[in-house]
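Undergrad: Pasting in a structure now, in structure tokens, and then I'll have a few things to ask.
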Amino acid sequence: MFAVAAAAILVALALAIARAILGPTIFDRVLAGNTVGTLAIMLLAVFGFLTGRPEFLDIGLTYGLLNLIGTLAVLKFFRHGDLAHRADTERGS
Amino acid sequence: MTFALDLASWVCILLGSFFVVVGAVGLVRMPEVFTRMHAASVIDTLGVGFLVLGMALQAGLSLITLKLLFLLALFVFTGPVVTHALAQACLQDGIAPMLDADRRADRAAAEQTEGRRS
Amino acid sequence: MRYVSLTAFLYLFWLVLSGHYTPMLVVAGLVCSVLCLLAAIRMRTADEEGHPIELFRGAITYLPWLAVEIGKSAWAVTKIILHPRLPISPTMTVVTATQRTTVGRATYANSITLTPGTITVAADGDKLTVHALVTEGALDLEAGGMDRRVSRFEGSA
């Protein structure tokens, strides 16, 4: 049963990567990258169950935290050109 | 009893797989970036939710289930942050969403005539 | 009370992730939780915004309700994605958040974003700009059912 889930996630990964390659704007690619991260976490969890080694879940949790930081950092970089702008110059947030 | 649990977890995992694939298909099919975000949020909510639920049912009451629930909570709390940041960054970059109807101006006018009755 | 609760949560997180219960690691976890609490106090994130313990009681009924809403709207989005003609009608609208506190408004905005089919694009005071995949989603939000539910959740504090 976990093999079905793993196969579905792999198919979804392929589609997300296709969007990352096609994506006309940078934001499509960021969105696809974030989705790839989400799917990778689920793949780690499912793979852990598939091989009977649930330690993979810890890696998944770490990846989940890094995925958030990574996506936000990339977005901030493309918006401001650097990562160290002052918070009070932010508009409309 | 174990058979019923197994069956429930299989159903959850199958549903989760289905929603993951549907979200990815939507990611490819949707015409522009804002509508693609809606498709991606199907993966983030129902896809991940059902997969985690199914795996938690398989693991039973153990540390693994708690870890899975942490993973789910992580997605529930960080998903909207990323989506919101992405949408805002798109608007700030001057990407206009493709719209059928823009109800912003209408709503503002309606609220002015209506006053603040709420 | 808030600090105790935050420390308990951090300690629980440590225990769950560690999985080893030797005396050394258990004590080390407690020390690390207290250190994190001190860091959070110094960063001023251990307040009613960073760790809203008042809302935990309301969350017991709010989160299941939100899960059902997410399920319903995700199913609607799924049908749209699988529909051969892709019947989308993207709509922008402005909804007014009636919550008193910033935590309540943030909960509302995040709940909107979390339900597939609607995204909070911008938040300015109590005005939330929302992008909806189909016009019905925007109309539902304008009707204010979710807004009232979040207000009730906030009022339960």
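Residues are referred to by chain and number: the chain letter is A, B, ... according to the order shown in the structure tokens, the number counts from 1 in that chain, and ligands are numbered separately from 1 in the order shown.
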Need to verify the contact set: Ala40 (chain A), 9 Å, only C-alpha atoms, exclusion of same-chain residues closer than 2 positions in sequence. Can you return it as a PyMOL selection string?
TA: chain A and resi 9-10+13+35-38+42-45+60+63
Undergrad: Please produce an output containing N, CA and C atoms for each residue in the selection, written as a PDB file, in the first residue's frame.
TA:
ATOM      1  N   ILE A   9       3.330   9.891  -5.206  1.00  0.00           N
ATOM      2  CA  ILE A   9       4.154  11.062  -4.872  1.00  0.00           C
ATOM      3  C   ILE A   9       5.203  11.289  -5.943  1.00  0.00           C
ATOM      4  N   LEU A  10       5.762  10.177  -6.484  1.00  0.00           N
ATOM      5  CA  LEU A  10       6.782  10.343  -7.527  1.00  0.00           C
ATOM      6  C   LEU A  10       6.172  10.966  -8.778  1.00  0.00           C
ATOM      7  N   LEU A  13       5.733  14.504  -8.106  1.00  0.00           N
ATOM      8  CA  LEU A  13       7.039  15.177  -8.149  1.00  0.00           C
ATOM      9  C   LEU A  13       7.426  15.496  -9.587  1.00  0.00           C
ATOM     10  N   THR A  35       6.482  23.099  -3.579  1.00  0.00           N
ATOM     11  CA  THR A  35       5.703  21.861  -3.683  1.00  0.00           C
ATOM     12  C   THR A  35       6.620  20.648  -3.728  1.00  0.00           C
ATOM     13  N   VAL A  36       7.744  20.780  -4.451  1.00  0.00           N
ATOM     14  CA  VAL A  36       8.699  19.669  -4.484  1.00  0.00           C
ATOM     15  C   VAL A  36       9.194  19.360  -3.079  1.00  0.00           C
ATOM     16  N   GLY A  37       9.426  20.422  -2.295  1.00  0.00           N
ATOM     17  CA  GLY A  37       9.854  20.212  -0.910  1.00  0.00           C
ATOM     18  C   GLY A  37       8.814  19.455  -0.117  1.00  0.00           C
ATOM     19  N   THR A  38       7.549  19.905  -0.229  1.00  0.00           N
ATOM     20  CA  THR A  38       6.460  19.228   0.485  1.00  0.00           C
ATOM     21  C   THR A  38       6.394  17.758   0.105  1.00  0.00           C
ATOM     22  N   MET A  42       6.922  14.133   2.248  1.00  0.00           N
ATOM     23  CA  MET A  42       5.994  12.999   2.296  1.00  0.00           C
ATOM     24  C   MET A  42       6.656  11.740   1.765  1.00  0.00           C
ATOM     25  N   LEU A  43       7.499  11.881   0.740  1.00  0.00           N
ATOM     26  CA  LEU A  43       8.194  10.717   0.198  1.00  0.00           C
ATOM     27  C   LEU A  43       9.128  10.124   1.248  1.00  0.00           C
ATOM     28  N   LEU A  44       9.808  10.996   2.006  1.00  0.00           N
ATOM     29  CA  LEU A  44      10.685  10.506   3.080  1.00  0.00           C
ATOM     30  C   LEU A  44       9.881   9.705   4.098  1.00  0.00           C
ATOM     31  N   ALA A  45       8.714  10.266   4.501  1.00  0.00           N
ATOM     32  CA  ALA A  45       7.898   9.581   5.503  1.00  0.00           C
ATOM     33  C   ALA A  45       7.422   8.238   4.974  1.00  0.00           C
ATOM     34  N   GLY A  60      12.530  14.195   7.631  1.00  0.00           N
ATOM     35  CA  GLY A  60      11.391  14.906   7.059  1.00  0.00           C
ATOM     36  C   GLY A  60      11.060  16.159   7.833  1.00  0.00           C
ATOM     37  N   TYR A  63      13.624  18.761   7.133  1.00  0.00           N
ATOM     38  CA  TYR A  63      13.433  19.287   5.787  1.00  0.00           C
ATOM     39  C   TYR A  63      12.244  20.250   5.767  1.00  0.00           C
TER      40      TYR A  63
END
Undergrad: What residues in chain B lie within 6 Å of chain A, counting only C-alpha atoms, written as a PyMOL selection string?
TA: chain B and resi 17+21+24+28+33
Undergrad: Leaving out Thr113 (chain C) and any residue of its chain fewer than 4 positions from it, which residues lie within 10 Å of it when counting only C-alpha atoms, given as number ranges by chain?
TA: B: 37-38, 41, 79-84; C: 107-109, 117-121, 130-132
Undergrad: Using only C-alpha atoms, please write the residues we just selected to a file, as an mmCIF file, in the first residue's frame.
TA:
data_model
loop_
_atom_site.group_PDB
_atom_site.id
_atom_site.type_symbol
_atom_site.label_atom_id
_atom_site.label_comp_id
_atom_site.auth_asym_id
_atom_site.auth_seq_id
_atom_site.Cartn_x
_atom_site.Cartn_y
_atom_site.Cartn_z
ATOM 1 C CA MET B 37 -1.277 28.419 -5.823
ATOM 2 C CA HIS B 38 -4.819 27.145 -5.251
ATOM 3 C CA SER B 41 -2.711 24.179 -1.537
ATOM 4 C CA GLY B 79 1.637 26.497 4.559
ATOM 5 C CA PRO B 80 -0.403 29.731 4.666
ATOM 6 C CA VAL B 81 2.708 31.763 5.489
ATOM 7 C CA VAL B 82 4.509 30.610 2.367
ATOM 8 C CA THR B 83 1.430 30.973 0.156
ATOM 9 C CA HIS B 84 0.704 34.448 1.459
ATOM 10 C CA THR C 107 -6.155 33.496 12.372
ATOM 11 C CA TYR C 108 -8.837 34.629 9.949
ATOM 12 C CA ALA C 109 -6.352 35.524 7.209
ATOM 13 C CA GLY C 117 -9.571 28.102 -3.485
ATOM 14 C CA THR C 118 -9.007 31.313 -1.558
ATOM 15 C CA ILE C 119 -5.771 33.156 -0.785
ATOM 16 C CA THR C 120 -5.259 36.258 1.331
ATOM 17 C CA VAL C 121 -3.060 38.379 -0.907
ATOM 18 C CA VAL C 130 -8.550 37.926 -1.166
ATOM 19 C CA HIS C 131 -7.951 36.102 -4.439
ATOM 20 C CA ALA C 132 -10.504 33.374 -5.099
#
Undergrad: Show me, as an MDAnalysis selection string, the residues of chain C whose atoms get within 6 Å of chain B, using only C-alpha atoms for the distance check.
TA: chainID C and resid 74 81 89:94 110 113:114 116:117 121
Undergrad: Show me, as an MDAnalysis selection string, the residues of chain C whose atoms get within 9 Å of chain A, using only C-alpha atoms for the distance check.
TA: chainID C and resid 17 122:124
Undergrad: As a PyMOL selection string, please: every residue in region 14-144 of chain C that a backbone DSSP assignment puts in alpha helix (DSSP H).
TA: chain C and resi 14-18+23-42+56-82+102-114+135-143
